[in-house]
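**Student:** Structure provided below as structure tokens; questions to follow.
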Amino acid sequence: MRRLFAVWHARNLEFLRDRGAMLFTLILPLSIIVGMGFIFGGPPRPLFKVGVVGTPVTAPADPFMHERYTQFLPVQSTVAGLREVRRQRIDLLFAPGDPPRYWVNTDSPKGYVIEKLLLAADPSAQRLPVTGKAVRYIDWLFPGILAMNLMFSCLFGVGYVVLQYRQSGFLKRLHATPLTAFEFLTAQVFSRLTIIVFITMALYLGVGALIGFHNSGNLALLLLLLVLGSLSMIALGLTIAARFSSQELVNGLLNLLTWPMMLLSGVWFSLAGSPRWVRWIADALPLTQLLHAARAVMLYGAGVQQIAPNLLYLAAVTLVFLAFGAWSFKWRI
Amino acid sequence: MSTPILEVRTLVKHYPGVTAVDGVSFAVPEGMCFGLLGPNGAGKTTTIEIMEGILPPTSGEVRYRGEPLNARFREEAGILFQATALQNFLTVHQSVAMFRGLYGRGLEVEEVLRLCSLEKLAHRDNRKLSGGQRQRLLLAVALVNDPAVLFLDEPTTGLDPQARRNFWELVRSIKAQGKTILLTTHYMEEAEMLCDEIAIMDRGRLIAQGPPERLLREHFAEVLLELPRAEFPQSARQLPIELIEASDRVEITTDDLDATLRTLIEARVPLRNLRIRPANLEDLFLELTGRELRS
């Protein structure tokens, strides 16, 4: 325990004094938030997503369904479709029939446009009210920015630091002491966890004060999610850093992990309508699980039961990655 | 006879295509400063790292107080590698304190800093130290657990002469506390200065072992004459004298200085650059291998 504390403390000092790294972890996510705010104040993207309920999308039953630049997605039920509309994962929910009915999120700029297109194609369509609270883009985006910052900080923070320790011979020196690989790795995990929890909380409060966002969920649950999400990412970083000594290789592997997570986890845009295999890969990524749960809590006030599968998944991958990291750990180059 | 504190038995270490250590055995009694000498690539560092428990041997074993290397050894060994990196952004005091935290027993951080003359540098960033200061910090890290046995792998390589002398003084004061020291070096002066016993390594094997004075006495007569090789005539190579050729000089060992000088004068060997000195460990290495130590 004393040994663990000694390494934990020294690692924290090392991080806090690396001003460049400190600034980077704070400035990057803030500039993304501000930048995205500007971008999404502008015109909507040309592609629309429309959920279709009650009829196969392959057999268009309505003139509206021949509309170009619009993707028609099958939706299981009206309830599920409405949830997607509120989340702005789809721009409009359409139920063909006589008369056809539709639901649109009045807060969505894309919803507004696609509604005009629908009414031009089929003036008989009837609009029905969307129940429940609509979601602003910033509220939808914010958990994604926090999660992405967490991912980068954990993967690169742990991956590069351990790699540098190995390259410089510092690990070899530690190996000559009574410190075990498990103690060393655990200290690294908790040091990074301490740092990322602190930074994420600072960002949460800072952005809340600066821009203002909505959180419907329980803060303690959010903290639990933050801890589990961070642990899974740190553990993943350690599996990469456990063995390799080449900077290029580690860099490549970390990029190989971060890019798909950045694109597929739904930080920037919804994956509704993408091929099944893409969604299958996306669901396996810890960032997707973290983000899904974070949005459920922050946007819809989900409780521990609703996000239990996500929490369990994150805990499970953490254990698997940590075990693999400790097993494959190498002190020397 | 009491059990030696460290014992190495027929150690072998193969790397692909190279046998770095080839059947090395020796024992180090407690309280002794034992030097492993040899040129670069002789296998000194590989041997010492196997002894430290950092490298696994291909075969053979290392025993500490009669037992295979175990947790007790890790608690009681102090280690200074040839090149050791420390964490960035930490001060001297914090670096020592971190390592102190890894051991169950040991000295107070302040005491270690005092021992290594680092009190005034305690709050300096460890990246802003000179070579000598840095080596003293690494020695402090090695001493933090008050080790019974201290491993120093080429501790003064790269230091200027003044810093080297200061470091030797430090090692002497540690030795005076009765600690066992295992030192590798390719500076023969360092070995003569610090070691009670030396083992000379070449190409993975031990080629001589014993107290430095005894080894010199065994292999050399009283004095050694040195002449520049360029000034030494070819004809004089046939003279009845004991002669070794180094890269830039010719060395003649003799126990009858007058007779040898007469022989050289009669053979018209120019003597204006003649040097007469006692033999040292460098000469011993040359004598044993026919090669120079730092070639």
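By convention here, the chains of the structure tokens are called A, B, ... in the order presented, each chain's residues are numbered starting at 1, and ligands are numbered starting at 1 in the order presented.
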For chain A, which residues have at least one atom within 9 Å of chain B, if we go by only C-alpha atoms? Write them as a list in words, please.
**Tutor:**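 Those within range of chain B come out as Arg2, Arg3, Leu4, Phe5, Ala6, Val7, His9, Ala10, Arg11, Leu13, Glu14, Phe15, Leu16, Arg17, Asp18, Tyr165, Ser168, Gly169, Phe170, Leu171, Lys172, Arg173, Leu174, His175, Ala176, Thr177, Pro178, Leu179 and Arg332 of chain A.
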**Student:** Could those residues be written to a file, using N, CA and C atoms, as a tab-separated table (two decimals), in the first residue's frame?
**Tutor:**
```tsv
chain	number	residue	atom	x	y	z
A	2	ARG	N	1.93	1.22	0.86
A	2	ARG	CA	2.86	2.34	0.93
A	2	ARG	C	3.57	2.54	-0.40
A	3	ARG	N	3.94	1.43	-1.00
A	3	ARG	CA	4.64	1.48	-2.28
A	3	ARG	C	3.73	2.06	-3.35
A	4	LEU	N	2.50	1.56	-3.30
A	4	LEU	CA	1.52	2.02	-4.26
A	4	LEU	C	1.33	3.53	-4.13
A	5	PHE	N	1.23	3.99	-2.87
A	5	PHE	CA	1.02	5.41	-2.63
A	5	PHE	C	2.22	6.22	-3.14
A	6	ALA	N	3.42	5.69	-2.90
A	6	ALA	CA	4.63	6.41	-3.32
A	6	ALA	C	4.63	6.64	-4.82
A	7	VAL	N	4.28	5.60	-5.58
A	7	VAL	CA	4.29	5.73	-7.04
A	7	VAL	C	3.14	6.63	-7.50
A	9	HIS	N	1.73	9.08	-5.87
A	9	HIS	CA	2.01	10.47	-5.54
A	9	HIS	C	3.02	11.08	-6.52
A	10	ALA	N	4.08	10.33	-6.78
A	10	ALA	CA	5.12	10.84	-7.68
A	10	ALA	C	4.56	11.04	-9.09
A	11	ARG	N	3.69	10.12	-9.52
A	11	ARG	CA	3.12	10.22	-10.86
A	11	ARG	C	2.22	11.46	-10.97
A	13	LEU	N	2.48	14.23	-9.26
A	13	LEU	CA	3.36	15.42	-9.31
A	13	LEU	C	3.91	15.60	-10.72
A	14	GLU	N	4.33	14.49	-11.30
A	14	GLU	CA	4.92	14.54	-12.63
A	14	GLU	C	3.90	15.12	-13.62
A	15	PHE	N	2.66	14.67	-13.52
A	15	PHE	CA	1.63	15.14	-14.45
A	15	PHE	C	1.34	16.62	-14.24
A	16	LEU	N	1.16	17.01	-12.96
A	16	LEU	CA	0.77	18.40	-12.68
A	16	LEU	C	1.85	19.37	-13.13
A	17	ARG	N	3.12	18.92	-13.15
A	17	ARG	CA	4.19	19.85	-13.53
A	17	ARG	C	4.42	19.89	-15.02
A	18	ASP	N	3.83	18.95	-15.75
A	18	ASP	CA	3.96	18.98	-17.20
A	18	ASP	C	2.89	19.93	-17.72
A	165	TYR	N	8.58	5.50	-19.93
A	165	TYR	CA	9.26	4.91	-18.76
A	165	TYR	C	10.11	3.72	-19.20
A	168	SER	N	13.15	4.90	-21.43
A	168	SER	CA	14.21	5.60	-20.71
A	168	SER	C	14.93	4.70	-19.72
A	169	GLY	N	14.38	3.54	-19.43
A	169	GLY	CA	15.02	2.65	-18.46
A	169	GLY	C	14.50	2.84	-17.04
A	170	PHE	N	13.55	3.75	-16.86
A	170	PHE	CA	13.00	3.97	-15.52
A	170	PHE	C	12.28	2.71	-15.02
A	171	LEU	N	11.59	2.02	-15.92
A	171	LEU	CA	10.91	0.78	-15.54
A	171	LEU	C	11.92	-0.27	-15.08
A	172	LYS	N	13.04	-0.31	-15.78
A	172	LYS	CA	14.08	-1.28	-15.42
A	172	LYS	C	14.58	-0.99	-14.00
A	173	ARG	N	14.71	0.30	-13.68
A	173	ARG	CA	15.17	0.68	-12.34
A	173	ARG	C	14.14	0.27	-11.29
A	174	LEU	N	12.85	0.47	-11.62
A	174	LEU	CA	11.79	0.08	-10.68
A	174	LEU	C	11.77	-1.44	-10.49
A	175	HIS	N	12.08	-2.15	-11.56
A	175	HIS	CA	12.10	-3.61	-11.50
A	175	HIS	C	13.12	-4.10	-10.48
A	176	ALA	N	14.17	-3.30	-10.24
A	176	ALA	CA	15.21	-3.69	-9.30
A	176	ALA	C	14.81	-3.41	-7.84
A	177	THR	N	13.59	-2.95	-7.64
A	177	THR	CA	13.10	-2.70	-6.27
A	177	THR	C	12.04	-3.75	-5.94
A	178	PRO	N	11.52	-3.76	-4.73
A	178	PRO	CA	10.49	-4.76	-4.40
A	178	PRO	C	9.14	-4.51	-5.09
A	179	LEU	N	9.01	-3.44	-5.85
A	179	LEU	CA	7.73	-3.13	-6.50
A	179	LEU	C	7.33	-4.25	-7.48
A	332	ARG	N	11.52	-4.39	-19.22
A	332	ARG	CA	12.67	-3.97	-20.03
A	332	ARG	C	12.29	-3.77	-21.48
```
**Student:** Determine which residues of segment 98-239 of chain A receive a DSSP assignment of helix (DSSP H, G or I), computed from the backbone, and state them as a short mmCIF file (atom, residue, chain, number, x, y, z; two decimals) with C-alpha atoms, in the first residue's frame.
**Tutor:**
```cif
data_model
loop_
_atom_site.label_atom_id
_atom_site.label_comp_id
_atom_site.auth_asym_id
_atom_site.auth_seq_id
_atom_site.Cartn_x
_atom_site.Cartn_y
_atom_site.Cartn_z
CA PRO A 109 -33.61 22.59 -37.70
CA LYS A 110 -33.48 19.52 -39.90
CA GLY A 111 -36.90 18.47 -38.66
CA TYR A 112 -38.27 21.84 -39.75
CA VAL A 113 -36.95 21.43 -43.32
CA ILE A 114 -37.93 17.82 -43.79
CA GLU A 115 -41.44 18.71 -42.59
CA LYS A 116 -41.71 21.25 -45.44
CA LEU A 117 -40.57 18.59 -47.92
CA LEU A 118 -43.11 16.13 -46.56
CA LEU A 119 -45.99 18.57 -46.78
CA ALA A 120 -44.98 19.50 -50.35
CA ALA A 121 -44.96 15.82 -51.36
CA TYR A 137 -27.74 19.82 -29.73
CA ILE A 138 -25.34 21.17 -27.10
CA ASP A 139 -26.92 18.91 -24.46
CA TRP A 140 -26.56 15.97 -26.81
CA LEU A 141 -22.99 16.86 -27.77
CA PHE A 142 -21.62 17.69 -24.32
CA PRO A 143 -21.45 14.13 -22.91
CA GLY A 144 -19.69 13.11 -26.12
CA ILE A 145 -17.00 15.78 -25.72
CA LEU A 146 -16.40 14.79 -22.12
CA ALA A 147 -16.20 11.12 -23.07
CA MET A 148 -13.86 11.79 -25.97
CA ASN A 149 -11.55 13.89 -23.83
CA LEU A 150 -11.57 11.10 -21.28
CA MET A 151 -10.68 8.56 -23.97
CA PHE A 152 -7.71 10.56 -25.29
CA SER A 153 -6.44 11.43 -21.85
CA CYS A 154 -6.61 7.85 -20.60
CA LEU A 155 -5.28 6.07 -23.68
CA PHE A 156 -2.46 8.44 -24.54
CA GLY A 157 -1.76 9.50 -20.95
CA VAL A 158 -1.18 5.93 -19.87
CA GLY A 159 0.11 4.48 -23.14
CA TYR A 160 2.77 7.10 -23.79
CA VAL A 161 3.89 7.52 -20.21
CA VAL A 162 4.50 3.81 -19.64
CA LEU A 163 6.20 3.57 -23.03
CA GLN A 164 8.49 6.47 -22.15
CA TYR A 165 9.26 4.91 -18.76
CA ARG A 166 10.28 1.73 -20.54
CA GLN A 167 12.31 3.49 -23.22
CA SER A 168 14.21 5.60 -20.71
CA PHE A 170 13.00 3.97 -15.52
CA LEU A 171 10.91 0.78 -15.54
CA LYS A 172 14.08 -1.28 -15.42
CA ARG A 173 15.17 0.68 -12.34
CA LEU A 174 11.79 0.08 -10.68
CA HIS A 175 12.10 -3.61 -11.50
CA ALA A 181 4.14 -5.26 -11.86
CA PHE A 182 0.65 -5.35 -10.39
CA GLU A 183 1.46 -2.58 -7.89
CA PHE A 184 3.05 -0.48 -10.58
CA LEU A 185 0.12 -0.86 -12.98
CA THR A 186 -2.45 -0.25 -10.25
CA ALA A 187 -0.66 2.95 -9.22
CA GLN A 188 -0.70 4.12 -12.84
CA VAL A 189 -4.42 3.32 -13.13
CA PHE A 190 -5.33 5.24 -9.99
CA SER A 191 -3.08 8.17 -10.78
CA ARG A 192 -4.69 8.64 -14.20
CA LEU A 193 -8.12 8.00 -12.72
CA THR A 194 -7.59 10.73 -10.12
CA ILE A 195 -6.45 13.15 -12.79
CA ILE A 196 -9.22 12.44 -15.28
CA VAL A 197 -11.99 12.54 -12.66
CA PHE A 198 -10.71 15.91 -11.49
CA ILE A 199 -10.44 17.28 -15.03
CA THR A 200 -13.83 15.98 -16.13
CA MET A 201 -15.50 17.48 -13.08
CA ALA A 202 -13.75 20.79 -13.72
CA LEU A 203 -14.93 20.73 -17.35
CA TYR A 204 -18.45 19.79 -16.30
CA LEU A 205 -18.67 22.72 -13.91
CA GLY A 206 -16.78 25.11 -16.18
CA VAL A 207 -18.87 24.40 -19.27
CA GLY A 208 -22.03 24.46 -17.17
CA ALA A 209 -21.16 27.96 -16.01
CA LEU A 210 -19.94 29.13 -19.42
CA LEU A 219 -24.75 13.12 -10.27
CA ALA A 220 -23.54 10.18 -8.17
CA LEU A 221 -24.53 7.78 -10.95
CA LEU A 222 -22.73 9.99 -13.43
CA LEU A 223 -19.62 9.86 -11.23
CA LEU A 224 -19.81 6.07 -11.09
CA LEU A 225 -20.06 6.02 -14.86
CA LEU A 226 -17.13 8.41 -15.14
CA VAL A 227 -15.00 6.17 -12.94
CA LEU A 228 -15.91 2.96 -14.78
CA GLY A 229 -15.53 4.57 -18.20
CA SER A 230 -12.10 5.96 -17.25
CA LEU A 231 -10.99 2.63 -15.81
CA SER A 232 -11.93 0.82 -19.01
CA MET A 233 -9.99 3.31 -21.14
CA ILE A 234 -6.92 3.29 -18.85
CA ALA A 235 -6.95 -0.50 -18.85
CA LEU A 236 -7.14 -0.47 -22.64
CA GLY A 237 -4.20 1.94 -22.77
CA LEU A 238 -2.22 -0.35 -20.47
CA THR A 239 -2.73 -3.36 -22.73
#
```
**Student:** Please determine, counting only C-alpha atoms, which residue among B:Arg203, B:Arg65, B:Arg127, B:Arg249 has the shortest atom-to-atom distance to Thr47 of chain B.
**Tutor:**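 The shortest atom-to-atom distance to Thr47 of chain B comes from B:Arg203.
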**Student:** Env of Met51 of chain B: 10 Å cut, atoms = only C-alpha atoms, seq-sep filter 3 positions within chain, self excluded. Answer as a ChimeraX atom specification.
**Tutor:** /B:6-8,11,45-48,54-57,61-64,69,151,182
**Student:** For the residues in the current selection, export N, CA and C atoms as a short mmCIF file (atom, residue, chain, number, x, y, z; two decimals), in the first residue's frame.
**Tutor:**
```cif
data_model
loop_
_atom_site.label_atom_id
_atom_site.label_comp_id
_atom_site.auth_asym_id
_atom_site.auth_seq_id
_atom_site.Cartn_x
_atom_site.Cartn_y
_atom_site.Cartn_z
N LEU B 6 27.31 -13.03 -1.69
CA LEU B 6 26.87 -13.26 -3.07
C LEU B 6 27.73 -14.34 -3.69
N GLU B 7 27.08 -15.21 -4.42
CA GLU B 7 27.83 -16.26 -5.08
C GLU B 7 27.27 -16.50 -6.47
N VAL B 8 28.15 -16.60 -7.42
CA VAL B 8 27.75 -16.81 -8.81
C VAL B 8 28.30 -18.17 -9.22
N LEU B 11 27.70 -19.23 -14.44
CA LEU B 11 26.70 -18.40 -15.13
C LEU B 11 26.95 -18.39 -16.63
N THR B 45 28.40 -6.04 -17.63
CA THR B 45 27.05 -5.56 -17.33
C THR B 45 26.05 -6.71 -17.35
N THR B 46 26.21 -7.63 -18.31
CA THR B 46 25.30 -8.78 -18.35
C THR B 46 25.43 -9.57 -17.04
N THR B 47 26.68 -9.79 -16.61
CA THR B 47 26.89 -10.55 -15.36
C THR B 47 26.25 -9.84 -14.18
N ILE B 48 26.50 -8.53 -14.06
CA ILE B 48 25.99 -7.81 -12.89
C ILE B 48 24.46 -7.73 -12.93
N ILE B 54 17.81 -8.78 -12.62
CA ILE B 54 17.12 -8.04 -13.68
C ILE B 54 17.03 -8.89 -14.95
N LEU B 55 18.07 -9.66 -15.20
CA LEU B 55 18.14 -10.51 -16.40
C LEU B 55 18.12 -11.97 -15.96
N PRO B 56 17.36 -12.81 -16.65
CA PRO B 56 17.45 -14.24 -16.33
C PRO B 56 18.67 -14.85 -17.02
N PRO B 57 19.42 -15.71 -16.34
CA PRO B 57 20.56 -16.36 -17.00
C PRO B 57 20.07 -17.49 -17.90
N GLU B 61 23.48 -20.14 -11.65
CA GLU B 61 22.63 -19.48 -10.67
C GLU B 61 23.39 -18.46 -9.84
N VAL B 62 22.60 -17.56 -9.22
CA VAL B 62 23.15 -16.56 -8.32
C VAL B 62 22.55 -16.82 -6.95
N ARG B 63 23.39 -16.81 -5.91
CA ARG B 63 22.88 -17.01 -4.56
C ARG B 63 23.19 -15.80 -3.70
N TYR B 64 22.20 -15.39 -2.91
CA TYR B 64 22.38 -14.29 -1.98
C TYR B 64 22.24 -14.86 -0.58
N LEU B 69 18.04 -15.81 -5.42
CA LEU B 69 17.56 -14.43 -5.27
C LEU B 69 16.07 -14.43 -4.94
N PHE B 151 25.31 -2.52 -5.79
CA PHE B 151 25.82 -2.81 -7.14
C PHE B 151 26.08 -1.48 -7.86
N LEU B 182 29.66 -4.32 -5.17
CA LEU B 182 30.04 -5.00 -6.41
C LEU B 182 30.13 -3.94 -7.50
#
```
**Student:** Give me, as JSON, numbers by chain, all polymer residues having an atom no more than 8 Å from segment 193-199 of chain B, counting only C-alpha atoms and skipping those fewer than 2 positions away in the same chain.
**Tutor:** {"B": [32, 33, 34, 35, 36, 37, 168, 171, 172, 189, 190, 191, 201, 206, 207, 208, 209, 210, 211, 212]}
**Student:** Considering only C-alpha atoms, return as a PyMOL selection string whatever protein or nucleic-acid residues lie within 10 Å of Asp160 of chain B, sequence-local ones (same chain, fewer than 4 positions apart) excluded.
**Tutor:** chain B and resi 131-132+156+164-165
**Student:** Residues of the last selection are to be written out with C-alpha atoms, as a tab-separated table (two decimals), in the first residue's frame.
**Tutor:**
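And here is the file that came out, result.tsv:
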```tsv
chain	number	residue	atom	x	y	z
B	131	GLY	CA	26.72	14.64	-14.57
B	132	GLY	CA	28.41	14.30	-11.19
B	156	THR	CA	31.96	7.06	-13.05
B	164	ARG	CA	35.11	11.01	-10.46
B	165	ARG	CA	37.38	11.63	-7.48
```
**Student:** Record the distance separating atom CA of Pro100 of chain A and atom CA of Arg127 of chain A, expressed in Å with one decimal.
**Tutor:**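 One can read the atom CA of Pro100 of chain A to atom CA of Arg127 of chain A distance as 8.9 Å.
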**Student:** Could you tell me how far atom CA of Ile5 of chain B sits from atom CA of Thr180 of chain A, in Å to one decimal place?
**Tutor:**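 Between atom CA of Thr180 of chain A and atom CA of Ile5 of chain B the gap is 24.3 Å.
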